Structures are given as structure tokens and as C-alpha cells.
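The next block holds one structure in the form of C-alpha cells; read it before the comments.
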Amino acid sequence: MDFEEGTLYLCATPIGNLSDISMRVIDTLKEADLIAAEDTRNSIKLLNRYEIKTPMTSYHEHNKYDKAQELIRQMKEGKNIALITDAGTPAISDPGEVLVRMCHEAGIRITSLPGPCALITALTLSGMSARRFCFEGFLPAEKKERREVLKMLATETRTVILYEAPHHLKETLAQLFDAMGDRQLTICRELTKTHESSFLTTLSGAIAYYGENEPRGEYVLVIKGLDPEVQKKEEQEAWKEMPLEKHMAMYEEQGLDRKECMKRVAMDRGISKREVYQQLL
Ligand code: SAM
């Protein structure tokens with residue numbers, strides 16, 4: 001294989017089943033000068049299985065900035081570096097994202113070798129709309145930020161994909177229920193591993209299930225987006241909490257004539273102009 005000098009190769013590795021790896025990733029890992037791995041103890045199993053003898057160095061959450069500078073220095077000297085993270089596609093909810101950003105800024109060539117990714121595997125299994133989806137990764141740990149994201153997700157009409165660790169699953173399901181109401185979701189667990197499972201349920205059903213069964217393993221949650229019709233109804237109900245006269249006054253203050261105000265009020269509340277007129281009498 002012809003390597004251009006000083007390139008960063010993002011190599012997707014298995015998310016469970018060690019056979020899920022491409023020939024190109026194996027060749028690249030064999031021929032790179034150095035492998036930067038998130039957890040070298042974990043990755044050694046993969047390297048042994050494919051008889052990859054390339055030296056490894058660690059690149060993880062706690063050294064991601066300093067180590068990135070060191071790796072960039074080596075690539076500038078002409079070394080080819082392959083990045084692998086704990087599992088799946090580098091830069092998806094892992095420190096790879098920082099290295100990629102810094103390489104762009106330093107003018108280092110980067111290429112990505114596609115392969116396993118938990119979010120895509122889960123989405124394909126979910127039975128939810130895969131035409132429009134959004135990936136949120138792990139919800140923020142910080143309380144205020146987390147509340148804001150949950151609030152935003154409550155009105156998201158696309159399919160929502162989240163990662164979660166087993167020891168946080170119950171709390172997250174409860175918070176999702178509080179923010180979004182009851183929703184369909186598919187819980188994908190231990191993908192590509194011996195105990196893989198995916199089941200379509202609801203947030204309330206999942207809360208009940210995990211009330212009796214302790215979560216174990218790795219999880220991806222795929223949640224049905226808010227039905228636009230339901231969203232419209234909710235917005236109309238919210239408008240109806242405002243007294244009709246106040247609603248009219250709001251538009252009148254914008255300088256609109258009375259006929260236009262009635263038209264807008266009717267639209268906001270999902271009622272006819274005639275109803276607005278009658279209620280104003
Ligand atoms: N880069 C990875 C990818 O491409 O999917 C994700 C890394 S992130 C640090 C780890 C999270 O991904 C886990 O907590 C879990 O939510 C999800 N995950 C990874 N492997 C999984 C698997 N085999 N089954 C279910 N979820 C998985």
C-alpha cells in the first residue's frame with residue numbers, strides 16, 4: 001500500500017464482534033508507523049487477533065490536547081499514524097474529534113476508513129424513521145446543560161439517538177419521560193455481541209422493565225421523534241392558555257389591523273376566524 005507521508009488514518013474498529021473489521025483497516029494498521037489507541041490494553045486483543053505488530057501509543061480523554069500536539073509533530077516529520085478508539089468509529093463520542101480538529105488546523109492530511117459505529121447499527125435495527133435522525137451522543141452530565149438539551153429534544157421531530165452507560169440508564173429514562181412524555185423507543189443493547197438485543201418499547205415500558213431488571217452492558221436508545229401533528233396540537237393548546245383578548249392585543253401592538261389580528265389568532269389557536277369573532281363578542 002502506498003502511504004502518503006504524514007497522514008492521520010481514522011480506523012473504525014469492531015464494537016463487539018472482532019470479525020467486524022475491513023481488510024483496508026487491517027492493512028492500514030499493519031503498515032502505519034504508529035497506532036494511537038484510546039485504551040492500549042483493550043486494543044491489544046484486536047491487534048493480536050490480526051497479527052498486527054505496529055507500535056501503539058495511548059491517546060485518550062486525559063491527554064487529548066498535549067498528545068495531539070505530539071502526534072502532529074510526528075506526522076509533520078512524515079510518520080503515518082492510525083487512530084483507533086475503544087470501539088467503533090473514531091471521533092464519534094470519543095476524544096478522536098479533538099485530534100481531527102487539531103490536525104485540520106495544523107494542515108495534516110486526514111482520511112477516514114469507515115466501519116462499525118454503534119449509532120448507525122442501532123438506527124438500522126430500531127424500526128424508527130432513518131430518513132431524518134439526530135444523534136446526541138451522551139446527554140451532558142452538567143445539570144443545567146442537560147435540562148436544556150432535554151427541553152430541546154422534547155420538540156425534536158427527527159428520530160433521536162442517544163448513547164448511555166448502564167449505571168445511568170434508569171435515571172436517563174426517567175428524565176426523558178419527564179421531558180418528552182411517553183414515547184416509543186428501541187433499546188439496543190450489546191450490539192454485535194453474544195447477548196445482543198433490541199426491543200421496541202415505550203419510555204414508560206422501559207422504566208417499568210428496568211425497575212425489575214438491572215441494566216447491564218452497552219446501550220443505544222433510539223427514540224421516536226415528536227409527531228408534527230402532535231407538536232402543532234400542543235402549540236395550539238399552549239396559545240389557548242393566553243386569554244383571547246391578550247392574544248389579539250399582542251398582534252395589535254405590532255401595528256396589524258383587526259382583521260389581520262383575528263386571522264393570526266385563529267391560526268395560532270387552531271380555530272376558525274368565526275370562532276375568534278364570536279368569542280370576542
Ligand atoms: N466511537 C463509538 C462508535 O462509533 O459508536 C462510540 C464510543 S462511545 C465512548 C461508547 C458508547 O457507544 C457506549 O457507552 C454505548 O452507548 C455505545 N456503544 C458502543 N458499542 C456498543 C455496543 N456494542 N452496543 C451498544 N452500544 C454500544
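In the C-alpha cells, the first chain shown is A, the next is B, and so on; residue numbers restart at 1 for each chain, and ligands run from 1 in the order shown.
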
Given 7 Å and only C-alpha atoms and all ligand atoms, residues near ligand 1 as a list in words: Ile15, Gly16, Thr85, Asp86, Ala87, Gly88, Thr89, Pro90, Ala91, Ile92, Ser93, Asp94, Pro116, Cys117, Ala118, Leu119, Tyr163, Glu164, Ala165, Cys188, Arg189, Glu190, Leu191, Thr192, Lys193, Glu218, Tyr219 and Val220 of chain A

Long-range neighbours of stretch 157-160 of chain A as a list in words, 7 Å cut-off, only C-alpha atoms, 5 positions minimum in chain: Met128, Ser129, Arg132, Phe133, Cys134, Phe135, Val222, Ile223, Lys224, Gly225, Leu226, Asp227 and Pro228 of chain A

So that I have them on file, write out the residues from the current selection with C-alpha atoms, as a tab-separated table (two decimals), in the first residue's frame.
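As a result, again_18.tsv now contains:
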chain	number	residue	atom	x	y	z
A	128	MET	CA	-37.76	4.12	13.65
A	129	SER	CA	-37.57	6.58	10.75
A	132	ARG	CA	-34.38	12.05	9.36
A	133	PHE	CA	-32.49	11.49	12.58
A	134	CYS	CA	-30.28	13.34	15.02
A	135	PHE	CA	-27.51	11.96	17.18
A	222	VAL	CA	-33.39	5.24	19.57
A	223	ILE	CA	-36.41	7.42	20.33
A	224	LYS	CA	-39.29	8.27	18.02
A	225	GLY	CA	-39.33	11.95	17.09
A	226	LEU	CA	-42.29	14.11	18.04
A	227	ASP	CA	-45.16	13.68	15.59
A	228	PRO	CA	-45.52	17.11	13.84

All residues 7 Å or closer to stretch 166-178 of chain A, only C-alpha atoms, same chain fewer than 2 positions away omitted, as a list in words: Leu150, Glu164, Met180, Gly181, Asp182, Leu203, Ile207, Tyr210, Pro215, Arg216, Gly217, Glu218 and Tyr219 of chain A

Kindly save the residues from that selection, with N, CA and C atoms included, as a short mmCIF file (atom, residue, chain, number, x, y, z; two decimals), in the first residue's frame.
data_model
loop_
_atom_site.label_atom_id
_atom_site.label_comp_id
_atom_site.auth_asym_id
_atom_site.auth_seq_id
_atom_site.Cartn_x
_atom_site.Cartn_y
_atom_site.Cartn_z
N LEU A 150 -32.53 18.34 27.10
CA LEU A 150 -33.77 17.56 27.21
C LEU A 150 -34.96 18.37 26.71
N GLU A 164 -25.81 5.62 26.15
CA GLU A 164 -25.89 5.67 27.61
C GLU A 164 -25.16 4.49 28.25
N MET A 180 -40.16 14.39 27.61
CA MET A 180 -40.79 14.13 26.31
C MET A 180 -42.19 13.54 26.41
N GLY A 181 -42.58 13.13 27.62
CA GLY A 181 -43.82 12.38 27.76
C GLY A 181 -43.55 10.94 27.32
N ASP A 182 -44.64 10.16 27.22
CA ASP A 182 -44.38 8.76 26.84
C ASP A 182 -44.13 8.71 25.33
N LEU A 203 -41.13 4.65 26.63
CA LEU A 203 -40.33 5.11 27.78
C LEU A 203 -40.92 4.56 29.07
N ILE A 207 -39.00 2.03 31.65
CA ILE A 207 -38.81 2.38 33.06
C ILE A 207 -39.31 1.21 33.94
N TYR A 210 -36.79 -1.82 33.59
CA TYR A 210 -35.52 -1.69 34.31
C TYR A 210 -35.73 -1.43 35.81
N PRO A 215 -29.84 -2.82 34.55
CA PRO A 215 -29.20 -2.66 33.24
C PRO A 215 -27.76 -3.17 33.25
N ARG A 216 -27.38 -3.88 32.20
CA ARG A 216 -26.01 -4.38 32.06
C ARG A 216 -25.58 -4.25 30.61
N GLY A 217 -24.33 -3.88 30.40
CA GLY A 217 -23.81 -3.83 29.02
C GLY A 217 -23.88 -2.43 28.45
N GLU A 218 -23.70 -2.36 27.13
CA GLU A 218 -23.67 -1.05 26.46
C GLU A 218 -25.01 -0.80 25.77
N TYR A 219 -25.45 0.45 25.82
CA TYR A 219 -26.79 0.78 25.32
C TYR A 219 -26.80 1.91 24.31
#

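With atom CA of A:Glu235 on one side and atom CA of A:Phe138 on the other, the separation reads 28.3 Å.
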
DSSP helix (DSSP H, G or I) selection over stretch 63-246 of chain A, as number ranges by chain: A: 64-76, 96-106, 118-126, 143-154, 166-180, 203-212, 228-240, 244-246
